[in-house]
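Next comes final.pdb, a file with PDB, C-alpha atoms, pLDDT in the B column.
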```pdb
ATOM      1  CA  MET A  47      81.860  71.167  76.353  1.00 96.00           C
ATOM      2  CA  LYS A  48      81.837  74.835  75.504  1.00 98.00           C
ATOM      3  CA  LEU A  49      84.148  77.217  77.358  1.00 98.00           C
ATOM      4  CA  ILE A  50      82.931  80.754  78.028  1.00 98.00           C
ATOM      5  CA  VAL A  51      85.110  83.377  79.665  1.00 98.00           C
ATOM      6  CA  MET A  52      83.333  86.150  81.538  1.00 98.00           C
ATOM      7  CA  THR A  53      85.191  89.421  81.981  1.00 97.00           C
ATOM      8  CA  ARG A  54      85.996  90.910  85.339  1.00 96.00           C
ATOM      9  CA  PRO A  55      83.180  93.272  86.418  1.00 95.00           C
ATOM     10  CA  THR A  56      85.528  96.276  86.306  1.00 95.00           C
ATOM     11  CA  PHE A  57      87.800  97.565  83.569  1.00 96.00           C
ATOM     12  CA  PHE A  58      91.585  97.533  83.893  1.00 95.00           C
ATOM     13  CA  VAL A  59      94.548  98.770  81.870  1.00 92.00           C
ATOM     14  CA  GLU A  60      95.793  95.538  80.306  1.00 94.00           C
ATOM     15  CA  GLU A  61      92.343  94.123  79.578  1.00 97.00           C
ATOM     16  CA  ASP A  62      92.258  94.629  75.806  1.00 97.00           C
ATOM     17  CA  LYS A  63      95.703  93.050  75.402  1.00 97.00           C
ATOM     18  CA  ILE A  64      94.770  89.981  77.457  1.00 97.00           C
ATOM     19  CA  LEU A  65      91.425  89.495  75.707  1.00 98.00           C
ATOM     20  CA  THR A  66      93.045  89.783  72.290  1.00 98.00           C
ATOM     21  CA  ILE A  67      95.599  87.105  73.203  1.00 98.00           C
ATOM     22  CA  LEU A  68      92.826  84.847  74.536  1.00 98.00           C
ATOM     23  CA  PHE A  69      91.002  85.200  71.225  1.00 98.00           C
ATOM     24  CA  GLU A  70      94.234  84.473  69.348  1.00 98.00           C
ATOM     25  CA  GLU A  71      94.630  81.345  71.466  1.00 98.00           C
ATOM     26  CA  GLY A  72      91.202  80.134  70.412  1.00 98.00           C
ATOM     27  CA  LEU A  73      88.669  81.641  72.835  1.00 98.00           C
ATOM     28  CA  GLU A  74      85.323  81.140  71.105  1.00 98.00           C
ATOM     29  CA  SER A  75      82.981  82.985  73.458  1.00 98.00           C
ATOM     30  CA  LEU A  76      83.525  86.007  75.695  1.00 98.00           C
ATOM     31  CA  HIS A  77      80.798  87.543  77.846  1.00 98.00           C
ATOM     32  CA  LEU A  78      81.331  91.256  78.427  1.00 98.00           C
ATOM     33  CA  PHE A  79      80.017  91.729  81.975  1.00 98.00           C
ATOM     34  CA  LYS A  80      80.544  95.222  83.391  1.00 97.00           C
ATOM     35  CA  PRO A  81      77.590  95.934  85.723  1.00 95.00           C
ATOM     36  CA  GLY A  82      77.078  99.600  86.560  1.00 92.00           C
ATOM     37  CA  GLU A  83      79.837 100.829  84.252  1.00 95.00           C
ATOM     38  CA  GLU A  84      79.277 103.619  81.729  1.00 96.00           C
ATOM     39  CA  PRO A  85      78.840 102.373  78.149  1.00 97.00           C
ATOM     40  CA  VAL A  86      81.635 104.613  76.863  1.00 97.00           C
ATOM     41  CA  PHE A  87      84.156 102.382  78.629  1.00 97.00           C
ATOM     42  CA  SER A  88      82.779  99.287  76.886  1.00 98.00           C
ATOM     43  CA  GLU A  89      82.981 101.138  73.593  1.00 98.00           C
ATOM     44  CA  ARG A  90      86.616 101.989  74.284  1.00 98.00           C
ATOM     45  CA  LEU A  91      87.468  98.387  75.172  1.00 98.00           C
ATOM     46  CA  LEU A  92      85.779  97.063  72.038  1.00 98.00           C
ATOM     47  CA  SER A  93      87.595  99.612  69.888  1.00 98.00           C
ATOM     48  CA  LEU A  94      90.910  98.201  71.124  1.00 98.00           C
ATOM     49  CA  ILE A  95      90.031  94.602  70.207  1.00 98.00           C
ATOM     50  CA  PRO A  96      90.446  93.496  66.565  1.00 98.00           C
ATOM     51  CA  GLU A  97      87.116  93.489  64.724  1.00 98.00           C
ATOM     52  CA  ASP A  98      87.659  89.871  63.665  1.00 98.00           C
ATOM     53  CA  TYR A  99      86.755  88.834  67.214  1.00 98.00           C
ATOM     54  CA  TYR A 100      83.546  90.840  67.646  1.00 98.00           C
ATOM     55  CA  ARG A 101      81.394  87.872  66.591  1.00 98.00           C
ATOM     56  CA  ARG A 102      82.666  86.004  69.636  1.00 98.00           C
ATOM     57  CA  ILE A 103      81.471  88.625  72.144  1.00 98.00           C
ATOM     58  CA  THR A 104      78.137  88.735  74.013  1.00 98.00           C
ATOM     59  CA  VAL A 105      77.105  91.801  76.038  1.00 98.00           C
ATOM     60  CA  HIS A 106      75.253  91.822  79.359  1.00 98.00           C
ATOM     61  CA  SER A 107      74.187  95.476  79.174  1.00 96.00           C
ATOM     62  CA  HIS A 108      74.091  98.462  76.786  1.00 96.00           C
ATOM     63  CA  PHE A 109      72.540  96.227  74.167  1.00 97.00           C
ATOM     64  CA  TYR A 110      72.963  98.799  71.382  1.00 96.00           C
ATOM     65  CA  LEU A 111      76.608  97.681  71.335  1.00 97.00           C
ATOM     66  CA  ARG A 112      75.516  94.411  69.752  1.00 97.00           C
ATOM     67  CA  GLU A 113      74.340  96.184  66.606  1.00 96.00           C
ATOM     68  CA  GLU A 114      76.972  98.898  66.593  1.00 97.00           C
ATOM     69  CA  TYR A 115      79.869  96.435  66.759  1.00 98.00           C
ATOM     70  CA  SER A 116      78.196  93.404  65.135  1.00 97.00           C
ATOM     71  CA  LEU A 117      78.645  91.338  68.292  1.00 98.00           C
ATOM     72  CA  ARG A 118      77.422  87.767  68.775  1.00 98.00           C
ATOM     73  CA  GLY A 119      74.433  88.500  70.988  1.00 98.00           C
ATOM     74  CA  ILE A 120      72.994  89.741  74.261  1.00 98.00           C
ATOM     75  CA  HIS A 121      72.638  88.207  77.717  1.00 98.00           C
ATOM     76  CA  LEU A 122      69.790  88.825  80.164  1.00 98.00           C
ATOM     77  CA  GLU A 123      70.687  88.732  83.859  1.00 97.00           C
ATOM     78  CA  GLN A 124      67.007  88.220  84.725  1.00 96.00           C
ATOM     79  CA  PRO A 125      65.555  85.417  82.584  1.00 96.00           C
ATOM     80  CA  GLU A 126      62.100  87.013  82.336  1.00 95.00           C
ATOM     81  CA  ALA A 127      63.468  90.422  81.278  1.00 96.00           C
ATOM     82  CA  GLN A 128      62.079  91.823  78.036  1.00 94.00           C
ATOM     83  CA  LEU A 129      64.190  91.666  74.921  1.00 95.00           C
ATOM     84  CA  PRO A 130      64.948  94.979  73.211  1.00 94.00           C
ATOM     85  CA  TYR A 131      62.118  95.920  70.849  1.00 92.00           C
ATOM     86  CA  GLY A 132      62.488  94.153  67.516  1.00 92.00           C
ATOM     87  CA  TYR A 133      65.575  92.247  68.598  1.00 95.00           C
ATOM     88  CA  LYS A 134      66.364  89.155  66.588  1.00 91.00           C
ATOM     89  CA  GLY A 135      69.541  87.269  67.327  1.00 94.00           C
ATOM     90  CA  SER A 136      71.358  85.214  69.918  1.00 97.00           C
ATOM     91  CA  VAL A 137      70.046  85.632  73.463  1.00 98.00           C
ATOM     92  CA  SER A 138      71.265  83.871  76.583  1.00 98.00           C
ATOM     93  CA  ARG A 139      69.984  84.150  80.143  1.00 98.00           C
ATOM     94  CA  THR A 140      71.133  83.590  83.725  1.00 98.00           C
ATOM     95  CA  CYS A 141      68.872  81.302  85.743  1.00 98.00           C
ATOM     96  CA  THR A 142      69.185  80.754  89.482  1.00 97.00           C
ATOM     97  CA  THR A 143      66.738  77.866  89.957  1.00 97.00           C
ATOM     98  CA  LEU A 144      66.137  74.586  88.187  1.00 97.00           C
ATOM     99  CA  GLU A 145      62.561  75.697  87.522  1.00 97.00           C
ATOM    100  CA  GLN A 146      63.837  78.768  85.682  1.00 98.00           C
ATOM    101  CA  ALA A 147      66.278  76.614  83.746  1.00 98.00           C
ATOM    102  CA  ALA A 148      63.493  74.291  82.609  1.00 97.00           C
ATOM    103  CA  GLN A 149      61.309  77.246  81.590  1.00 97.00           C
ATOM    104  CA  TRP A 150      63.838  79.415  79.778  1.00 98.00           C
ATOM    105  CA  LYS A 151      66.110  76.856  78.163  1.00 96.00           C
ATOM    106  CA  LYS A 152      64.128  76.518  74.947  1.00 95.00           C
ATOM    107  CA  PRO A 153      63.505  80.245  74.281  1.00 95.00           C
ATOM    108  CA  SER A 154      67.256  80.880  74.675  1.00 98.00           C
ATOM    109  CA  SER A 155      70.344  80.101  72.644  1.00 98.00           C
ATOM    110  CA  TYR A 156      71.738  78.773  75.936  1.00 98.00           C
ATOM    111  CA  ILE A 157      71.428  79.570  79.630  1.00 98.00           C
ATOM    112  CA  PHE A 158      73.745  79.944  82.610  1.00 98.00           C
ATOM    113  CA  LEU A 159      72.737  78.056  85.762  1.00 98.00           C
ATOM    114  CA  LYS A 160      74.041  79.880  88.839  1.00 96.00           C
ATOM    115  CA  SER A 161      75.593  79.241  91.374  1.00 95.00           C
ATOM    116  CA  ILE A 162      76.946  75.734  90.963  1.00 97.00           C
ATOM    117  CA  PHE A 163      79.798  76.190  93.442  1.00 95.00           C
ATOM    118  CA  ASN A 164      80.958  79.027  95.692  1.00 89.00           C
ATOM    119  CA  SER A 165      82.137  81.893  93.514  1.00 85.00           C
ATOM    120  CA  GLN A 166      85.872  82.601  93.330  1.00 80.00           C
ATOM    121  CA  SER A 167      85.305  86.208  92.297  1.00 78.00           C
ATOM    122  CA  ASN A 168      82.266  87.235  94.382  1.00 78.00           C
ATOM    123  CA  PRO A 169      82.164  85.824  97.946  1.00 77.00           C
ATOM    124  CA  ALA A 170      78.440  86.672  98.208  1.00 78.00           C
ATOM    125  CA  ASP A 171      77.575  84.096  95.539  1.00 81.00           C
ATOM    126  CA  ARG A 172      77.347  80.787  97.378  1.00 89.00           C
ATOM    127  CA  GLN A 173      76.625  77.296  96.085  1.00 92.00           C
ATOM    128  CA  SER A 174      72.896  76.955  95.353  1.00 93.00           C
ATOM    129  CA  PHE A 175      72.553  73.243  94.555  1.00 96.00           C
ATOM    130  CA  SER A 176      73.739  69.967  96.013  1.00 96.00           C
ATOM    131  CA  ILE A 177      75.431  67.474  93.735  1.00 96.00           C
ATOM    132  CA  ASP A 178      72.474  65.132  94.244  1.00 97.00           C
ATOM    133  CA  GLU A 179      70.085  67.871  93.075  1.00 97.00           C
ATOM    134  CA  LEU A 180      72.203  68.416  89.967  1.00 97.00           C
ATOM    135  CA  LYS A 181      72.332  64.683  89.253  1.00 97.00           C
ATOM    136  CA  ALA A 182      68.549  64.497  89.522  1.00 97.00           C
ATOM    137  CA  ALA A 183      68.145  67.514  87.240  1.00 98.00           C
ATOM    138  CA  SER A 184      70.418  65.873  84.710  1.00 97.00           C
ATOM    139  CA  LYS A 185      68.363  62.663  84.779  1.00 97.00           C
ATOM    140  CA  ARG A 186      65.187  64.715  84.248  1.00 97.00           C
ATOM    141  CA  GLY A 187      66.736  66.393  81.212  1.00 97.00           C
ATOM    142  CA  ILE A 188      66.844  69.863  82.757  1.00 98.00           C
ATOM    143  CA  ILE A 189      70.623  69.956  82.557  1.00 98.00           C
ATOM    144  CA  ASP A 190      71.763  69.347  78.994  1.00 98.00           C
ATOM    145  CA  ARG A 191      73.949  70.829  76.273  1.00 97.00           C
ATOM    146  CA  HIS A 192      72.052  74.144  76.386  1.00 98.00           C
ATOM    147  CA  VAL A 193      72.800  74.673  80.082  1.00 98.00           C
ATOM    148  CA  TYR A 194      76.175  76.098  81.151  1.00 98.00           C
ATOM    149  CA  ALA A 195      77.534  75.962  84.701  1.00 98.00           C
ATOM    150  CA  LEU A 196      78.288  79.328  86.349  1.00 97.00           C
ATOM    151  CA  GLY A 197      79.800  79.935  89.758  1.00 96.00           C
ATOM    152  CA  GLY A 198      83.046  78.581  91.160  1.00 96.00           C
ATOM    153  CA  VAL A 199      83.998  76.744  87.973  1.00 97.00           C
ATOM    154  CA  ASN A 200      87.674  75.802  87.977  1.00 96.00           C
ATOM    155  CA  ILE A 201      90.144  73.391  86.452  1.00 96.00           C
ATOM    156  CA  ASP A 202      89.448  70.836  89.186  1.00 96.00           C
ATOM    157  CA  ASN A 203      85.671  70.536  88.825  1.00 97.00           C
ATOM    158  CA  ILE A 204      85.191  70.750  85.051  1.00 98.00           C
ATOM    159  CA  GLN A 205      85.173  66.966  84.668  1.00 97.00           C
ATOM    160  CA  LEU A 206      82.458  66.661  87.314  1.00 97.00           C
ATOM    161  CA  LEU A 207      80.374  69.238  85.435  1.00 98.00           C
ATOM    162  CA  ALA A 208      80.862  67.308  82.205  1.00 98.00           C
ATOM    163  CA  ASP A 209      79.736  64.124  83.954  1.00 97.00           C
ATOM    164  CA  LEU A 210      76.627  65.958  85.174  1.00 98.00           C
ATOM    165  CA  GLY A 211      75.703  66.742  81.577  1.00 98.00           C
ATOM    166  CA  PHE A 212      76.391  70.467  81.365  1.00 98.00           C
ATOM    167  CA  GLY A 213      76.925  71.677  77.816  1.00 98.00           C
ATOM    168  CA  GLY A 214      79.466  74.271  78.869  1.00 98.00           C
ATOM    169  CA  VAL A 215      81.157  76.134  81.676  1.00 98.00           C
ATOM    170  CA  VAL A 216      81.552  79.831  82.460  1.00 98.00           C
ATOM    171  CA  VAL A 217      84.941  80.751  83.898  1.00 97.00           C
ATOM    172  CA  CYS A 218      85.703  83.998  85.695  1.00 96.00           C
ATOM    173  CA  GLY A 219      87.639  84.015  88.976  1.00 94.00           C
ATOM    174  CA  ASP A 220      89.652  80.875  88.212  1.00 96.00           C
ATOM    175  CA  LEU A 221      91.198  82.738  85.293  1.00 97.00           C
ATOM    176  CA  TRP A 222      91.300  86.390  86.368  1.00 96.00           C
ATOM    177  CA  ASN A 223      92.627  85.681  89.853  1.00 94.00           C
ATOM    178  CA  ARG A 224      95.899  84.734  88.162  1.00 94.00           C
ATOM    179  CA  PHE A 225      96.638  88.343  87.225  1.00 92.00           C
ATOM    180  CA  ASN A 226      96.914  91.344  89.558  1.00 88.00           C
ATOM    181  CA  ILE A 227      95.125  94.151  87.736  1.00 84.00           C
ATOM    182  CA  HIS A 228      96.787  96.789  89.922  1.00 82.00           C
ATOM    183  CA  THR A 229     100.448  95.790  89.693  1.00 83.00           C
ATOM    184  CA  GLY A 230     100.653  92.967  87.155  1.00 82.00           C
ATOM    185  CA  GLN A 231     102.416  93.363  83.830  1.00 84.00           C
ATOM    186  CA  ASP A 232     103.167  89.742  82.953  1.00 90.00           C
ATOM    187  CA  PHE A 233     100.018  87.787  82.139  1.00 93.00           C
ATOM    188  CA  SER A 234     101.715  84.628  80.925  1.00 95.00           C
ATOM    189  CA  GLU A 235     100.344  82.630  83.909  1.00 96.00           C
ATOM    190  CA  LEU A 236      96.798  83.641  82.980  1.00 97.00           C
ATOM    191  CA  ILE A 237      97.280  82.643  79.341  1.00 97.00           C
ATOM    192  CA  SER A 238      98.883  79.350  80.355  1.00 98.00           C
ATOM    193  CA  HIS A 239      95.931  78.571  82.622  1.00 98.00           C
ATOM    194  CA  PHE A 240      93.486  79.385  79.825  1.00 98.00           C
ATOM    195  CA  LYS A 241      95.190  76.741  77.673  1.00 98.00           C
ATOM    196  CA  LYS A 242      94.733  74.219  80.501  1.00 98.00           C
ATOM    197  CA  LEU A 243      91.035  75.115  80.689  1.00 98.00           C
ATOM    198  CA  GLN A 244      90.734  74.562  76.936  1.00 98.00           C
ATOM    199  CA  LYS A 245      92.193  71.069  77.296  1.00 97.00           C
ATOM    200  CA  ALA A 246      89.938  70.317  80.269  1.00 97.00           C
ATOM    201  CA  VAL A 247      86.766  70.979  78.277  1.00 97.00           C
ATOM    202  CA  SER A 248      87.877  69.250  75.084  1.00 92.00           C
TER
END
```

Starting from the file, lay out its structure as structure tokens.
Amino acid sequence: MKLIVMTRPTFFVEEDKILTILFEEGLESLHLFKPGEEPVFSERLLSLIPEDYYRRITVHSHFYLREEYSLRGIHLEQPEAQLPYGYKGSVSRTCTTLEQAAQWKKPSSYIFLKSIFNSQSNPADRQSFSIDELKAASKRGIIDRHVYALGGVNIDNIQLLADLGFGGVVVCGDLWNRFNIHTGQDFSELISHFKKLQKAVS
């Protein structure tokens, strides 16, 4: 399975240091998700991350950043949203229904299916599918290696998601909740947990 880390939705002081260490530890795919934030802050964050890691980063907004920083690709929060004019490159999408997943899987590099479990970072995002529904979708071929599980993914349910046929998982709260962005200075627990996540998906 693939492991994708999604950033916290807001910026914080130690973020560039933590992301750089995650890349050094083998993070292959980071999704830069900062809804409603000014693009200048994304530019600043990217400028503080070594250029060697830019090809591992996908942006959810301010798509010009993809070209300016030679990033991996772009992500559409609404699957039917129009691509930037003339865009050619990696594109992923968030789908919230199995019907959307079936429709948009092929035109995408991969898709996120949301919300698989109750979110650990956004209480408003509640589980959208029963396990039986996911099993049926897997049997029908809707869930496959191009579909990544988003929402409430943690160290304890990764094996279940693998058994259901997901090609990857998107981790947010399970990782970031291990570091207090307001008072924390030691992020060793977060890095240690990332290593456990890596083993869980391997």

field: Residue nearest Thr229 in chain A - candidates A:Glu126, A:Val59, A:Tyr110, A:Leu73, atoms counted: only C-alpha atoms
entry: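 When distances to Thr229 in chain A are compared using only C-alpha atoms, the smallest one comes from A:Val59.
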
Please enumerate the residues selected by the PyMOL selection byres ((chain A and resi 136) around 6) when evaluated against the supplied file, formatted as a short mmCIF file (atom, residue, chain, number, x, y, z; two decimals) with C-alpha atoms, keeping the file's coordinate frame.
```cif
data_model
loop_
_atom_site.label_atom_id
_atom_site.label_comp_id
_atom_site.auth_asym_id
_atom_site.auth_seq_id
_atom_site.Cartn_x
_atom_site.Cartn_y
_atom_site.Cartn_z
CA GLY A 119 74.43 88.50 70.99
CA GLY A 135 69.54 87.27 67.33
CA VAL A 137 70.05 85.63 73.46
CA SER A 155 70.34 80.10 72.64
#
```

- request: Work out how far apart CA of Leu206 in chain A and CA of Ile162 in chain A are and give it in Å to one decimal.
  value: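 Between CA of Leu206 in chain A and CA of Ile162 in chain A the gap works out to 11.2 Å.
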
- request: Apply the PyMOL selection byres ((chain A and resi 80) around 10) to the file shown and report the selected residues as number ranges by chain.
  value: A: 52-57, 77-79, 81-85, 87-88, 105-108

Atom pair CA of His121 in chain A / CA of Leu210 in chain A: separation (Å):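 Distance between the two atoms: 23.8 Å.
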
task: Can you pull out every residue within 7 Å of Lys48 in chain A, counting all atoms listed in the file, but drop anything in the same chain fewer than 4 positions away, and send it as a PyMOL selection string?
output: chain A and resi 213-215+247

field: Residue members of the PyMOL selection byres ((chain A and resi 220) around 12) in the file shown, as a PyMOL selection string
entry: chain A and resi 51-54+164-168+196-204+215-219+221-225+235-237+239-240+242-243

As AutoDock Vina command-line options, what would the box around range 83-100 of chain A look like: edges along x, y and z, 3 Å added on every side, centre and edge lengths in Å to one decimal?
```
--center_x 84.9 --center_y 96.7 --center_z 74.0 --size_x 18.1 --size_y 21.8 --size_z 26.6
```
